[in-house]
Amino acid sequence: MATSTNGTCPFCPAAQRVYLESPRWVLLRHVDPVPIAGWMMVASRAHRSGLDEMTPEEAGEIGTILAALAAAVRATTGCERTYSITFNEAVKHLHLHVIPRHANDAATTSWALADRYRSTARGEVAPADPQIAETTAEAIARHMMEVGVVRSTALAKVGFRLPS
Ligand SMILES: [Zn+2]
């Protein structure tokens with residue numbers, strides 16, 4: 001079911017810091033430059049090109065993970081709401097973005113976020129401070145473990161832990 005990557009996939013294994021890992025998933029943050037601190041990603045450990053390649057076990061866990069991750073992003077960043085998207089285009093390996101949406105930042109509302117994303121990538125708009133993005137991601141991972149896992153037996157069953 002998994003497609004071949006010829007060793008070129010940056011998520012096989014993740015060539016960036018992993019904040020939490022489980023048998024089937026890793027918690028990552030979006031690499032710099034990123035428009036907003038707290039922009040997280042959950043990626044499958046196995047190479048899947050999209051949602052339709054998930055195993056039943058993966059499909060059964062992802063909703064639980066996204067619910068807990070969205071709650072952790074909100075609690076940690078104080079955002080009003082969260083967005084979630086998945087393209088698997090630049091990196092053709094299943095990963096879902098969870099993005100804080102702050103009430104006081106109209107430039108990140110709905111599809112305006114895509115414009116902000118491109119402006120940040122081009123260097124026209126200042127990205128989030130990398131150190132703040134880092135500590136925010138650490139706090140989100142802590143929330144997943146200390147609040148999410150405690151409140152949700154389903155999330156506990158996913159088996160997240162700090163990376164070894
Ligand atoms: Zn991959």
# chains A, B, ... in the order shown; residues from 1 in each chain; ligands from 1
>>> closest_atom_pairs(of="chain A", to="ligand 1", cutoff="10 Å", atoms="only C-alpha atoms and all ligand atoms", output="tab-separated table")
residue	atom	partner	partner_atom_place_in_ligand_line	distance
A:Ala2	CA	ligand 1	1 (Zn)	8.8
A:Thr3	CA	ligand 1	1 (Zn)	8.4
A:Ser4	CA	ligand 1	1 (Zn)	8.2
A:Thr5	CA	ligand 1	1 (Zn)	6.3
A:Asn6	CA	ligand 1	1 (Zn)	9.5
A:Gly7	CA	ligand 1	1 (Zn)	8.4
A:Thr8	CA	ligand 1	1 (Zn)	7.9
A:Cys9	CA	ligand 1	1 (Zn)	4.6
A:Pro10	CA	ligand 1	1 (Zn)	6.5
A:Phe11	CA	ligand 1	1 (Zn)	4.7
A:Cys12	CA	ligand 1	1 (Zn)	4.2
A:Pro13	CA	ligand 1	1 (Zn)	7.0
A:Ala14	CA	ligand 1	1 (Zn)	8.1
A:Ala43	CA	ligand 1	1 (Zn)	9.2
A:Ser44	CA	ligand 1	1 (Zn)	8.3
A:Arg45	CA	ligand 1	1 (Zn)	7.7
A:Ala46	CA	ligand 1	1 (Zn)	6.7
A:His47	CA	ligand 1	1 (Zn)	4.0
A:Arg48	CA	ligand 1	1 (Zn)	6.7
A:Ser49	CA	ligand 1	1 (Zn)	7.7
A:Val91	CA	ligand 1	1 (Zn)	7.9
A:Lys92	CA	ligand 1	1 (Zn)	6.9
A:His93	CA	ligand 1	1 (Zn)	4.6
A:Leu94	CA	ligand 1	1 (Zn)	7.6
A:His95	CA	ligand 1	1 (Zn)	9.7
>>> write_last_selection(atoms="N, CA and C atoms", output="PDB file, in the first residue's frame")
ATOM      1  N   ALA A   2       1.914   1.252   0.827  1.00  0.00           N
ATOM      2  CA  ALA A   2       2.811   2.409   0.849  1.00  0.00           C
ATOM      3  C   ALA A   2       3.578   2.492  -0.471  1.00  0.00           C
ATOM      4  N   THR A   3       3.751   3.703  -0.948  1.00  0.00           N
ATOM      5  CA  THR A   3       4.445   3.894  -2.210  1.00  0.00           C
ATOM      6  C   THR A   3       5.934   4.091  -1.971  1.00  0.00           C
ATOM      7  N   SER A   4       6.740   3.765  -2.954  1.00  0.00           N
ATOM      8  CA  SER A   4       8.191   3.879  -2.825  1.00  0.00           C
ATOM      9  C   SER A   4       8.613   5.347  -2.843  1.00  0.00           C
ATOM     10  N   THR A   5       9.640   5.668  -2.075  1.00  0.00           N
ATOM     11  CA  THR A   5      10.120   7.051  -2.026  1.00  0.00           C
ATOM     12  C   THR A   5      11.518   7.193  -2.594  1.00  0.00           C
ATOM     13  N   ASN A   6      12.155   6.078  -2.931  1.00  0.00           N
ATOM     14  CA  ASN A   6      13.522   6.111  -3.439  1.00  0.00           C
ATOM     15  C   ASN A   6      14.481   6.855  -2.508  1.00  0.00           C
ATOM     16  N   GLY A   7      14.152   6.838  -1.218  1.00  0.00           N
ATOM     17  CA  GLY A   7      15.040   7.462  -0.239  1.00  0.00           C
ATOM     18  C   GLY A   7      15.029   8.973  -0.260  1.00  0.00           C
ATOM     19  N   THR A   8      14.087   9.583  -0.941  1.00  0.00           N
ATOM     20  CA  THR A   8      14.092  11.043  -1.059  1.00  0.00           C
ATOM     21  C   THR A   8      13.042  11.718  -0.192  1.00  0.00           C
ATOM     22  N   CYS A   9      12.248  10.946   0.531  1.00  0.00           N
ATOM     23  CA  CYS A   9      11.153  11.549   1.299  1.00  0.00           C
ATOM     24  C   CYS A   9      11.690  12.140   2.604  1.00  0.00           C
ATOM     25  N   PRO A  10      11.471  13.443   2.855  1.00  0.00           N
ATOM     26  CA  PRO A  10      11.992  14.064   4.074  1.00  0.00           C
ATOM     27  C   PRO A  10      11.277  13.636   5.349  1.00  0.00           C
ATOM     28  N   PHE A  11      10.184  12.886   5.200  1.00  0.00           N
ATOM     29  CA  PHE A  11       9.471  12.391   6.386  1.00  0.00           C
ATOM     30  C   PHE A  11       9.699  10.894   6.602  1.00  0.00           C
ATOM     31  N   CYS A  12      10.608  10.286   5.859  1.00  0.00           N
ATOM     32  CA  CYS A  12      10.890   8.850   5.989  1.00  0.00           C
ATOM     33  C   CYS A  12      12.377   8.622   6.294  1.00  0.00           C
ATOM     34  N   PRO A  13      12.838   8.757   7.527  1.00  0.00           N
ATOM     35  CA  PRO A  13      12.089   9.300   8.666  1.00  0.00           C
ATOM     36  C   PRO A  13      12.139  10.816   8.649  1.00  0.00           C
ATOM     37  N   ALA A  14      11.420  11.440   9.570  1.00  0.00           N
ATOM     38  CA  ALA A  14      11.338  12.896   9.606  1.00  0.00           C
ATOM     39  C   ALA A  14      12.731  13.509   9.769  1.00  0.00           C
ATOM     40  N   ALA A  43       2.270  13.605  11.243  1.00  0.00           N
ATOM     41  CA  ALA A  43       2.602  12.836  10.041  1.00  0.00           C
ATOM     42  C   ALA A  43       2.605  11.348  10.358  1.00  0.00           C
ATOM     43  N   SER A  44       2.190  10.556   9.409  1.00  0.00           N
ATOM     44  CA  SER A  44       2.257   9.107   9.565  1.00  0.00           C
ATOM     45  C   SER A  44       3.722   8.681   9.580  1.00  0.00           C
ATOM     46  N   ARG A  45       4.038   7.657  10.341  1.00  0.00           N
ATOM     47  CA  ARG A  45       5.410   7.141  10.325  1.00  0.00           C
ATOM     48  C   ARG A  45       5.661   6.384   9.027  1.00  0.00           C
ATOM     49  N   ALA A  46       4.683   5.609   8.609  1.00  0.00           N
ATOM     50  CA  ALA A  46       4.823   4.887   7.343  1.00  0.00           C
ATOM     51  C   ALA A  46       4.555   5.841   6.192  1.00  0.00           C
ATOM     52  N   HIS A  47       5.163   5.570   5.053  1.00  0.00           N
ATOM     53  CA  HIS A  47       4.958   6.451   3.909  1.00  0.00           C
ATOM     54  C   HIS A  47       3.587   6.201   3.301  1.00  0.00           C
ATOM     55  N   ARG A  48       2.707   7.184   3.411  1.00  0.00           N
ATOM     56  CA  ARG A  48       1.391   7.175   2.758  1.00  0.00           C
ATOM     57  C   ARG A  48       1.324   8.438   1.932  1.00  0.00           C
ATOM     58  N   SER A  49       0.800   8.350   0.736  1.00  0.00           N
ATOM     59  CA  SER A  49       0.771   9.547  -0.106  1.00  0.00           C
ATOM     60  C   SER A  49      -0.429  10.426   0.201  1.00  0.00           C
ATOM     61  N   VAL A  91       5.573  17.849   0.172  1.00  0.00           N
ATOM     62  CA  VAL A  91       6.077  16.573   0.692  1.00  0.00           C
ATOM     63  C   VAL A  91       4.948  15.564   0.496  1.00  0.00           C
ATOM     64  N   LYS A  92       5.176  14.611  -0.389  1.00  0.00           N
ATOM     65  CA  LYS A  92       4.097  13.679  -0.752  1.00  0.00           C
ATOM     66  C   LYS A  92       4.039  12.510   0.228  1.00  0.00           C
ATOM     67  N   HIS A  93       3.958  12.860   1.484  1.00  0.00           N
ATOM     68  CA  HIS A  93       3.881  11.901   2.593  1.00  0.00           C
ATOM     69  C   HIS A  93       2.830  12.468   3.534  1.00  0.00           C
ATOM     70  N   LEU A  94       1.885  11.626   3.919  1.00  0.00           N
ATOM     71  CA  LEU A  94       0.721  12.077   4.687  1.00  0.00           C
ATOM     72  C   LEU A  94       1.101  12.895   5.913  1.00  0.00           C
ATOM     73  N   HIS A  95       0.653  14.140   5.939  1.00  0.00           N
ATOM     74  CA  HIS A  95       0.812  14.990   7.117  1.00  0.00           C
ATOM     75  C   HIS A  95      -0.340  15.983   7.148  1.00  0.00           C
TER      76      HIS A  95
END
>>> residues_around(residues="range 102-106 of chain A", least_positions_apart="5", cutoff="8 Å", atoms="only C-alpha atoms", output="list in words")
Gly78, Cys79, Glu80 and Arg81 of chain A
>>> atom_distance(atom1="CA of Ala75 in chain A", atom2="CA of Val125 in chain A")
25.9 Å
>>> select_by_dssp(residues="range 47-143 of chain A", states="alpha helix (DSSP H)", output="ChimeraX atom specification")
/A:56-77,112-121,130-143
>>> write_last_selection(atoms="N, CA and C atoms", output="short mmCIF file (atom, residue, chain, number, x, y, z; two decimals), in the first residue's frame")
data_model
loop_
_atom_site.label_atom_id
_atom_site.label_comp_id
_atom_site.auth_asym_id
_atom_site.auth_seq_id
_atom_site.Cartn_x
_atom_site.Cartn_y
_atom_site.Cartn_z
N PRO A 56 -6.66 0.92 8.36
CA PRO A 56 -7.78 1.12 9.29
C PRO A 56 -7.30 1.58 10.66
N GLU A 57 -6.16 1.10 11.11
CA GLU A 57 -5.64 1.51 12.42
C GLU A 57 -5.28 3.00 12.41
N GLU A 58 -4.62 3.45 11.35
CA GLU A 58 -4.27 4.87 11.24
C GLU A 58 -5.53 5.72 11.15
N ALA A 59 -6.47 5.28 10.33
CA ALA A 59 -7.71 6.05 10.16
C ALA A 59 -8.47 6.13 11.48
N GLY A 60 -8.38 5.07 12.27
CA GLY A 60 -9.06 5.07 13.55
C GLY A 60 -8.43 5.99 14.59
N GLU A 61 -7.15 6.31 14.42
CA GLU A 61 -6.45 7.14 15.41
C GLU A 61 -6.41 8.62 15.06
N ILE A 62 -6.48 8.95 13.80
CA ILE A 62 -6.16 10.33 13.40
C ILE A 62 -7.17 11.35 13.94
N GLY A 63 -8.44 10.98 14.03
CA GLY A 63 -9.42 11.91 14.58
C GLY A 63 -9.15 12.23 16.04
N THR A 64 -8.80 11.21 16.79
CA THR A 64 -8.45 11.39 18.21
C THR A 64 -7.24 12.30 18.35
N ILE A 65 -6.24 12.09 17.49
CA ILE A 65 -5.02 12.90 17.56
C ILE A 65 -5.33 14.36 17.20
N LEU A 66 -6.10 14.56 16.14
CA LEU A 66 -6.40 15.94 15.71
C LEU A 66 -7.20 16.69 16.77
N ALA A 67 -8.14 16.00 17.41
CA ALA A 67 -8.93 16.64 18.46
C ALA A 67 -8.03 17.10 19.60
N ALA A 68 -7.13 16.24 20.03
CA ALA A 68 -6.23 16.58 21.14
C ALA A 68 -5.22 17.64 20.72
N LEU A 69 -4.74 17.55 19.49
CA LEU A 69 -3.76 18.54 19.01
C LEU A 69 -4.40 19.91 18.89
N ALA A 70 -5.62 19.96 18.35
CA ALA A 70 -6.31 21.25 18.24
C ALA A 70 -6.53 21.86 19.62
N ALA A 71 -6.90 21.04 20.59
CA ALA A 71 -7.10 21.54 21.95
C ALA A 71 -5.77 22.04 22.53
N ALA A 72 -4.70 21.33 22.26
CA ALA A 72 -3.38 21.73 22.78
C ALA A 72 -2.92 23.03 22.13
N VAL A 73 -3.17 23.19 20.84
CA VAL A 73 -2.78 24.42 20.14
C VAL A 73 -3.57 25.61 20.70
N ARG A 74 -4.86 25.41 20.92
CA ARG A 74 -5.68 26.49 21.48
C ARG A 74 -5.24 26.85 22.89
N ALA A 75 -5.04 25.84 23.72
CA ALA A 75 -4.68 26.10 25.12
C ALA A 75 -3.32 26.78 25.21
N THR A 76 -2.42 26.41 24.33
CA THR A 76 -1.05 26.91 24.42
C THR A 76 -0.89 28.29 23.81
N THR A 77 -1.53 28.52 22.67
CA THR A 77 -1.34 29.79 21.96
C THR A 77 -2.39 30.82 22.32
N ALA A 112 -7.05 33.82 3.38
CA ALA A 112 -6.00 34.84 3.48
C ALA A 112 -4.72 34.25 4.07
N LEU A 113 -4.90 33.18 4.83
CA LEU A 113 -3.74 32.50 5.39
C LEU A 113 -2.79 32.02 4.29
N ALA A 114 -3.35 31.60 3.17
CA ALA A 114 -2.51 31.14 2.06
C ALA A 114 -1.67 32.28 1.51
N ASP A 115 -2.26 33.48 1.43
CA ASP A 115 -1.50 34.65 0.97
C ASP A 115 -0.39 34.98 1.97
N ARG A 116 -0.71 34.92 3.26
CA ARG A 116 0.29 35.19 4.29
C ARG A 116 1.42 34.16 4.22
N TYR A 117 1.04 32.93 3.99
CA TYR A 117 2.02 31.85 3.90
C TYR A 117 3.02 32.13 2.77
N ARG A 118 2.49 32.49 1.61
CA ARG A 118 3.37 32.75 0.45
C ARG A 118 4.21 34.01 0.67
N SER A 119 3.61 35.05 1.28
CA SER A 119 4.36 36.28 1.55
C SER A 119 5.51 36.00 2.51
N THR A 120 5.25 35.15 3.51
CA THR A 120 6.29 34.80 4.48
C THR A 120 7.39 34.00 3.78
N ALA A 121 6.98 33.06 2.93
CA ALA A 121 7.97 32.22 2.23
C ALA A 121 8.86 33.08 1.33
N PRO A 130 11.81 31.94 15.35
CA PRO A 130 12.05 30.49 15.42
C PRO A 130 12.14 29.97 16.86
N GLN A 131 12.70 30.77 17.76
CA GLN A 131 12.80 30.31 19.15
C GLN A 131 11.42 30.22 19.80
N ILE A 132 10.56 31.18 19.49
CA ILE A 132 9.20 31.14 20.03
C ILE A 132 8.43 29.98 19.41
N ALA A 133 8.62 29.77 18.11
CA ALA A 133 7.96 28.64 17.45
C ALA A 133 8.39 27.33 18.09
N GLU A 134 9.67 27.27 18.47
CA GLU A 134 10.21 26.06 19.09
C GLU A 134 9.60 25.83 20.48
N THR A 135 9.63 26.85 21.32
CA THR A 135 9.11 26.68 22.67
C THR A 135 7.59 26.47 22.66
N THR A 136 6.91 27.08 21.69
CA THR A 136 5.47 26.87 21.57
C THR A 136 5.18 25.41 21.21
N ALA A 137 5.95 24.87 20.29
CA ALA A 137 5.76 23.47 19.90
C ALA A 137 6.03 22.53 21.07
N GLU A 138 7.05 22.86 21.86
CA GLU A 138 7.35 22.04 23.04
C GLU A 138 6.18 22.08 24.03
N ALA A 139 5.60 23.25 24.22
CA ALA A 139 4.49 23.40 25.15
C ALA A 139 3.25 22.64 24.63
N ILE A 140 3.04 22.66 23.33
CA ILE A 140 1.91 21.93 22.73
C ILE A 140 2.10 20.42 22.94
N ALA A 141 3.31 19.95 22.74
CA ALA A 141 3.59 18.52 22.96
C ALA A 141 3.36 18.15 24.43
N ARG A 142 3.79 19.03 25.34
CA ARG A 142 3.58 18.78 26.77
C ARG A 142 2.10 18.71 27.09
N HIS A 143 1.32 19.62 26.50
CA HIS A 143 -0.13 19.63 26.72
C HIS A 143 -0.75 18.33 26.22
#
>>> atom_distance(atom1="CA of Val98 in chain A", atom2="CA of Tyr83 in chain A")
5.6 Å
>>> closest_residue(among="A:Thr82, A:Ser22, A:Thr55, A:Thr108", to="Val158 in chain A", atoms="only C-alpha atoms")
A:Ser22
>>> closest_residue(among="A:Met54, A:Ala154, A:Ala107, A:Val18", to="Met41 in chain A", atoms="only C-alpha atoms")
A:Val18
